[in-house]
Every structure is written in C-alpha cells, then in structure tokens.
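The data block below is run_12.txt; it holds compact mmCIF, C-alpha atoms.
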```
# COMPACT_ATOMS: atom_id res chain seq x y z
CA MET A 22 9.75 6.26 -17.08
CA GLY A 23 6.16 7.39 -17.67
CA CYS A 24 3.55 7.65 -14.95
CA ASP A 25 1.07 5.39 -16.73
CA LEU A 26 3.40 2.56 -17.67
CA PRO A 27 4.45 -0.21 -15.29
CA PRO A 28 8.23 -0.22 -15.03
CA THR A 29 10.56 -3.12 -15.60
CA LEU A 30 13.70 -3.59 -13.58
CA ASN A 31 15.62 -1.99 -16.44
CA ASP A 32 13.59 1.20 -15.98
CA LEU A 33 14.79 1.62 -12.41
CA PRO A 34 17.91 3.70 -11.76
CA ALA A 35 21.04 2.12 -10.36
CA GLU A 36 21.62 5.05 -8.01
CA ILE A 37 18.82 6.62 -5.98
CA PRO A 38 18.42 9.19 -3.21
CA VAL A 39 17.14 7.79 0.07
CA PHE A 40 15.03 9.35 2.79
CA PRO A 41 15.80 7.63 6.12
CA LEU A 42 12.75 7.71 8.43
CA SER A 43 12.24 5.40 11.37
CA GLY A 44 8.77 3.89 11.69
CA VAL A 45 7.73 4.96 8.19
CA LEU A 46 6.86 2.20 5.74
CA LEU A 47 6.35 2.33 1.99
CA LEU A 48 5.32 -0.87 0.21
CA PRO A 49 5.02 -1.60 -3.51
CA HIS A 50 1.76 -0.14 -4.90
CA GLY A 51 1.13 1.78 -1.66
CA GLN A 52 0.93 5.57 -1.48
CA LEU A 53 2.87 7.56 1.09
CA PRO A 54 2.28 11.29 1.72
CA LEU A 55 5.34 13.24 2.87
CA ASN A 56 5.75 16.74 4.28
CA ILE A 57 9.24 17.88 3.24
CA PHE A 58 10.76 20.88 5.00
CA GLU A 59 14.44 20.16 5.77
CA PRO A 60 16.70 21.93 3.22
CA ARG A 61 18.63 18.84 2.13
CA TYR A 62 15.42 16.92 1.48
CA LEU A 63 13.89 19.85 -0.37
CA SER A 64 16.94 19.57 -2.63
CA MET A 65 16.42 15.81 -2.88
CA VAL A 66 12.85 16.28 -4.12
CA GLU A 67 13.92 18.97 -6.61
CA ASP A 68 16.66 16.73 -8.00
CA ALA A 69 14.29 13.76 -8.24
CA LEU A 70 11.71 15.84 -10.10
CA LYS A 71 14.38 16.78 -12.64
CA SER A 72 15.26 13.14 -13.32
CA HIS A 73 13.56 9.80 -12.62
CA ARG A 74 11.25 10.98 -9.80
CA ILE A 75 12.39 8.03 -7.68
CA ILE A 76 13.09 8.34 -3.95
CA GLY A 77 13.99 5.40 -1.73
CA MET A 78 12.33 5.14 1.66
CA ILE A 79 14.47 3.28 4.17
CA GLN A 80 14.66 2.98 7.93
CA PRO A 81 17.77 3.88 9.94
CA ARG A 82 19.01 1.21 12.31
CA GLY A 83 19.31 3.79 15.06
CA ALA A 84 18.70 7.47 15.74
CA ASP A 85 21.67 8.10 18.00
CA ASN A 86 23.67 10.21 15.57
CA ALA A 87 23.38 12.37 12.49
CA HIS A 88 24.42 9.56 10.13
CA PRO A 89 22.91 6.28 11.39
CA ALA A 90 23.45 3.00 9.62
CA LEU A 91 20.64 1.98 7.29
CA PHE A 92 18.69 -1.24 7.06
CA GLU A 93 19.72 -3.31 4.06
CA THR A 94 16.26 -3.26 2.45
CA GLY A 95 14.10 -0.28 1.52
CA CYS A 96 11.33 0.52 -0.95
CA ALA A 97 11.54 3.00 -3.80
CA GLY A 98 8.61 5.23 -4.64
CA ARG A 99 7.87 7.46 -7.59
CA ILE A 100 6.67 11.02 -7.03
CA VAL A 101 3.08 11.00 -8.32
CA ASN A 102 1.85 14.17 -6.64
CA PHE A 103 3.69 17.33 -5.69
CA SER A 104 2.78 20.79 -4.39
CA GLU A 105 4.58 23.65 -2.68
CA THR A 106 3.20 25.48 0.35
CA ASN A 107 3.41 29.21 1.01
CA ASP A 108 6.07 28.62 3.66
CA GLY A 109 8.34 26.68 1.30
CA ARG A 110 7.49 23.10 2.23
CA TYR A 111 6.89 20.39 -0.36
CA LEU A 112 3.88 18.11 -0.04
CA VAL A 113 4.77 14.95 -1.92
CA THR A 114 3.04 11.63 -2.53
CA LEU A 115 5.17 8.61 -3.36
CA LYS A 116 3.72 5.52 -4.98
CA GLY A 117 5.67 2.39 -4.11
CA VAL A 118 7.40 0.85 -7.12
CA ALA A 119 9.73 -1.87 -5.86
CA ARG A 120 11.92 -2.84 -2.96
CA PHE A 121 15.69 -2.67 -3.19
CA ARG A 122 18.77 -3.78 -1.34
CA VAL A 123 21.55 -1.34 -0.58
CA LYS A 124 24.65 -2.45 -2.47
CA SER A 125 26.68 0.49 -1.21
CA GLU A 126 26.23 4.03 0.02
CA LEU A 127 27.48 6.82 -2.21
CA ASP A 128 28.94 10.21 -1.37
CA GLN A 129 26.26 12.64 -0.25
CA GLY A 130 27.27 15.31 -2.71
CA ARG A 131 26.79 19.05 -2.40
CA ASN A 132 23.15 18.97 -1.24
CA GLY A 133 23.75 16.71 1.74
CA TYR A 134 21.12 14.01 1.26
CA ARG A 135 22.06 10.35 1.26
CA ARG A 136 22.30 8.25 -1.89
CA VAL A 137 22.77 4.54 -2.45
CA GLN A 138 23.54 2.10 -5.19
CA ALA A 139 20.37 0.00 -5.38
CA ASP A 140 20.09 -3.69 -6.20
CA TRP A 141 16.62 -4.55 -7.56
CA ALA A 142 17.36 -8.12 -8.63
CA ASP A 143 15.43 -9.94 -5.89
CA PHE A 144 12.24 -7.91 -6.24
CA SER A 145 10.98 -8.17 -9.82
CA SER A 146 7.68 -9.57 -8.49
CA ASP A 147 7.03 -6.20 -6.81
CA LEU A 148 6.22 -4.77 -10.22
CA ASP A 149 3.27 -7.12 -10.67
CA ALA A 150 -0.24 -6.18 -9.55
CA VAL A 151 -0.78 -9.33 -7.50
CA SER A 152 -3.37 -10.07 -4.86
CA CYS A 153 -3.08 -12.14 -1.69
CA LEU A 154 -4.90 -15.44 -1.82
CA ASN A 155 -7.31 -16.74 0.80
CA LEU A 156 -7.05 -13.80 3.19
CA ASP A 157 -9.05 -14.72 6.29
CA ARG A 158 -11.31 -11.66 6.31
CA PRO A 159 -13.39 -12.58 9.41
CA ARG A 160 -10.23 -13.13 11.48
CA LEU A 161 -8.68 -9.92 10.17
CA ARG A 162 -11.85 -7.96 10.95
CA GLY A 163 -11.92 -9.21 14.54
CA LEU A 164 -8.25 -8.41 15.08
CA LEU A 165 -8.63 -4.95 13.57
CA GLU A 166 -11.62 -4.12 15.77
CA SER A 167 -9.65 -5.01 18.89
CA TYR A 168 -6.45 -3.33 17.69
CA PHE A 169 -8.20 -0.11 16.65
CA GLU A 170 -10.07 0.06 19.96
CA LEU A 171 -6.79 -0.49 21.80
CA HIS A 172 -5.21 2.48 20.00
CA GLY A 173 -8.28 4.71 19.87
CA LEU A 174 -8.47 4.55 16.07
CA SER A 175 -11.53 4.78 13.84
CA CYS A 176 -12.04 2.90 10.60
CA ASP A 177 -14.13 3.08 7.44
CA TRP A 178 -15.29 -0.53 7.43
CA ASN A 179 -16.97 -0.14 4.05
CA ALA A 180 -13.58 0.74 2.57
CA VAL A 181 -12.03 -2.26 4.32
CA GLU A 182 -14.64 -4.61 2.91
CA SER A 183 -14.38 -3.25 -0.64
CA ALA A 184 -10.56 -3.21 -0.87
CA THR A 185 -8.71 -6.03 -2.58
CA ASP A 186 -6.66 -8.29 -0.33
CA ASN A 187 -3.34 -6.86 -1.46
CA LYS A 188 -4.45 -3.23 -1.27
CA LEU A 189 -5.90 -3.81 2.19
CA ILE A 190 -2.80 -5.44 3.65
CA THR A 191 -0.54 -2.87 2.00
CA CYS A 192 -2.52 0.07 3.38
CA LEU A 193 -2.93 -1.37 6.88
CA SER A 194 0.74 -2.33 7.14
CA MET A 195 1.72 1.23 6.27
CA ILE A 196 -0.72 3.17 8.47
CA CYS A 197 -1.03 1.07 11.63
CA PRO A 198 1.11 2.33 14.54
CA LEU A 199 3.55 -0.58 14.54
CA ASP A 200 7.10 -0.31 15.80
CA ALA A 201 10.06 0.08 13.45
CA GLY A 202 11.12 -3.56 13.70
CA GLU A 203 7.64 -4.80 12.86
CA LYS A 204 7.42 -2.50 9.87
CA GLN A 205 10.81 -3.67 8.63
CA ALA A 206 9.70 -7.29 8.94
CA LEU A 207 6.58 -6.52 6.90
CA LEU A 208 8.71 -4.81 4.26
CA GLU A 209 11.02 -7.81 3.99
CA ALA A 210 8.22 -10.41 3.79
CA SER A 211 8.81 -12.55 0.73
CA CYS A 212 5.31 -12.18 -0.76
CA CYS A 213 1.95 -10.59 -0.05
CA LYS A 214 0.55 -13.79 1.50
CA THR A 215 3.50 -13.99 3.90
CA ARG A 216 3.05 -10.29 4.68
CA ALA A 217 -0.67 -10.79 5.40
CA ASP A 218 0.02 -13.70 7.75
CA LEU A 219 2.74 -11.73 9.54
CA PHE A 220 0.52 -8.65 9.83
CA MET A 221 -2.26 -10.63 11.49
CA THR A 222 0.24 -12.30 13.83
CA ILE A 223 1.52 -8.86 14.90
CA LEU A 224 -2.04 -7.66 15.58
CA ASP A 225 -2.87 -10.86 17.45
CA MET A 226 0.18 -10.48 19.69
CA ALA A 227 -0.61 -6.82 20.39
CA VAL A 228 -4.22 -7.39 21.41
CA ARG A 229 -3.43 -10.52 23.42
CA GLN A 230 -0.71 -8.71 25.33
CA SER A 231 -3.13 -5.90 26.11
CA GLY A 232 -5.92 -8.22 27.15
CA ALA A 233 -8.14 -6.54 24.58
CA LEU A 234 -8.94 -9.50 22.35
CA HIS A 235 -12.29 -10.04 24.02
CA THR A 236 -13.56 -6.69 22.77
CA SER A 237 -14.13 -8.11 19.29
CA CYS A 238 -17.02 -10.10 20.75
CA ARG A 239 -18.83 -6.88 21.59
CA HIS A 240 -18.90 -5.78 17.96
CA GLY A 241 -20.78 -8.74 16.54
CA SER A 242 -17.69 -10.50 15.21
CA ASP A 243 -17.39 -14.25 14.96
CA THR A 244 -17.05 -15.46 18.56
CA SER A 245 -14.59 -18.13 17.40
CA LEU A 246 -12.05 -15.29 17.20
CA CYS A 247 -12.33 -14.61 20.92
CA HIS A 248 -10.33 -17.20 22.74
```
As structure tokens, please, write out the structure in this file.
Amino acid sequence: MGCDLPPTLNDLPAEIPVFPLSGVLLLPHGQLPLNIFEPRYLSMVEDALKSHRIIGMIQPRGADNAHPALFETGCAGRIVNFSETNDGRYLVTLKGVARFRVKSELDQGRNGYRRVQADWADFSSDLDAVSCLNLDRPRLRGLLESYFELHGLSCDWNAVESATDNKLITCLSMICPLDAGEKQALLEASCCKTRADLFMTILDMAVRQSGALHTSCRHGSDTSLCH
C-alpha cells in the first residue's frame, strides 16, 4: 500500500498489531506522534515497517492489570514518519487511515505485543476526504476560548480559522485533554458532523461545570454564546 495512494478496504490487512493507550486518540486523517521505548513496542514498529506499516491505536477498558480488556473500536494508522534516537527510542508519526472493530484477539507471539483480527466493514467512509457541513464556527470559537483558558492552554487562532472543518475537529478531538470515555465516544461517532456536535457538547459541559463560560465574553466573542 503506497504512501501517496488512498487505500481501499481491500488494501487493509486482516490482522494488525495494536498499541493500547488510555486517553490517546487517533482519528482518520489525523496525525499522531508517538515516542516508542518499551521493547515489545519497538519490535511492533520494526515488524510494521517490514510489512504494511499499519498499527492500530486502541484504548484499554482498564489499567488494573498487565493485559486489560480492549474497547471494541480502534483506529488504524500508517507509519508516515520514523526516526531513531541515540538512546534507542523510535519517534513515529501515524496518519489515521480507518477505524476498525476487534473481531478477535490473536496470540501475542514471540515479541509480546498484542494483535487483533480487524473488521473494517463498517468504516469504508473513513477513507474519504470529507468535510463537516455547517460547523458553527462562532460557537466553537467561544467554547474553545473558555476551555483553553480553563486548562491554561494557548492556541494559534490563525491556524484554527484557516483549517477545514474536518481537519479542525479531528485535530482538536485528538489534542484536547479529554477523558478516555469522551475520546472513545468521539472515535465511535458515526460521521464527522456527529463528532463535531459531540465535541462542542463536551466542551460546553466542561466550561459550564467550571463556571468559566462567561470568560468568552472578555475576548470579544459573540455575547450570545455567554448564557
């Protein structure tokens, strides 16, 4: 599967390695940087580079043991950037390709990383470069201002304004400090419009619960957002 060609479902492998990380979200068309240092995951990257370059990102349902159950849905990414550090770590960038459901978990094999049989059937639309329709940019801007102030985050507003709807929601869903359940809900959203609506609802709940919604008024945002 070449880097420059959009895949079809038939291009995606039936069996993939998975990297279970709680609170880490990869979405189709998003880019996720990873710092790989654990021996079994170093082996996972090496094996992926020798084959289809696909790694599945998936959240564990709990962190209470060494082999937690996995959520049913994850997102596969293709290694698009790779480098090795002087101390033996791998710096990897995954680009989200498509979501998958776990049909079954396979034996770990000699290198100790987890592998699953992936079902891609429900997610063919992930391969399309679609854009959310009618994203309420003024409302999103007001919510982001309050949410970022609440968490002490800075933002390149020029980049926000210039990004397409889908790229913006994808990036924000991945980088905002949401909890694992919220990130899983965003992953499982049926389409980008549903994901955008859910993302803004999550922000709205967070700032309302903190009492911080009024701060958007102090940044010149539409005052209709502040009630």
Where does range 37-101 of chain A meet range 140-148 of chain A within 10 Å, residue by residue, with the nearest atom pair and distance in Å to one decimal for each, counting all atoms listed in the file, listed by chain and rising number, as a Markdown table?
```
| residue | atom | partner | partner_atom | distance |
| --- | --- | --- | --- | --- |
| A:Leu48 | CA | A:Asp147 | CA | 9.0 |
| A:Pro49 | CA | A:Asp147 | CA | 6.0 |
| A:His50 | CA | A:Asp147 | CA | 8.3 |
| A:Thr94 | CA | A:Asp140 | CA | 9.5 |
| A:Cys96 | CA | A:Trp141 | CA | 9.9 |
| A:Ala97 | CA | A:Trp141 | CA | 9.8 |
```
Rounded to one decimal, what separation in Å do you get between CA of Asp218 in chain A and CA of Arg122 in chain A?
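If I compute the distance from CA of Asp218 in chain A to CA of Arg122 in chain A, I get 23.1 Å.
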Which residues come within 12 Å of Thr106 in chain A, counting all atoms listed in the file, excluding same-chain residues fewer than 4 positions away, as a compact mmCIF listing (two decimals) with C-alpha atoms, in the frame of the given file?
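Printed below is part33.txt as written:
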```txt
# COMPACT_ATOMS: atom_id res chain seq x y z
CA ASN A 56 5.75 16.74 4.28
CA ILE A 57 9.24 17.88 3.24
CA PHE A 58 10.76 20.88 5.00
CA ARG A 110 7.49 23.10 2.23
CA TYR A 111 6.89 20.39 -0.36
CA LEU A 112 3.88 18.11 -0.04
CA VAL A 113 4.77 14.95 -1.92
```
Please determine, counting only C-alpha atoms, which residue among A:Gly44, A:Gly133, A:Pro198, A:Gly109 has the shortest atom-to-atom distance to His172 in chain A.
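Of all the options, A:Pro198 lies closest to His172 in chain A.
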Residue nearest Ile100 in chain A - candidates A:Val39, A:Leu33, A:Ala201, A:Leu53, atoms counted: all atoms listed in the file
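Nearest to Ile100 in chain A: A:Leu53.
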Selection: 12 Å around Gly83 in chain A, all atoms listed in the file, excl. self and same-chain fewer than 2 positions, as a PyMOL selection string:
chain A and resi 41-44+79-81+85-92+201-202
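Minimum atom-to-atom distance to Thr114 in chain A, evaluated using all atoms listed in the file, belongs to A:Gln52 out of A:Gln52, A:Asn31, A:Asn132, A:Thr215.
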Using all atoms listed in the file, the residue out of A:Gly173, A:Pro159, A:Gly95, A:Pro38 with shortest distance to Ser64 in chain A is A:Pro38
Can you tell me, as a ChimeraX atom specification, what residues are no more than 12 Å from Cys197 in chain A when counting all atoms listed in the file, ignoring any on the same chain fewer than 2 positions away?
/A:44-46,165,168-169,171-176,189-195,199-201,203-204,207,220-221,223-224,227
Which distance in Å separates CA of Asp157 in chain A and CA of Gly51 in chain A, to one decimal?
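It comes out at 21.0 Å.
Closest approach to Ser104 in chain A from the set A:Gly130, A:Gly77, A:Pro54, A:Pro60 is made by A:Pro54, with distances taken over all atoms listed in the file.
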Pairwise distance for CA of Ala210 in chain A and CA of His73 in chain A, rounded to one decimal in Å:
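Spanning CA of Ala210 in chain A to CA of His73 in chain A is a straight-line distance of 26.6 Å.
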Could you give me, as number ranges by chain, the residues within 9 Å of Ser125 in chain A, counting all atoms listed in the file and dropping anything in the same chain fewer than 6 positions from it?
A: 136-139
Store the residues picked out above in a file with C-alpha atoms, as a compact mmCIF listing (two decimals), in the coordinates of the input.
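To be explicit, this is the file written out as out-v1.txt:
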```
# COMPACT_ATOMS: atom_id res chain seq x y z
CA ARG A 136 22.30 8.25 -1.89
CA VAL A 137 22.77 4.54 -2.45
CA GLN A 138 23.54 2.10 -5.19
CA ALA A 139 20.37 0.00 -5.38
```
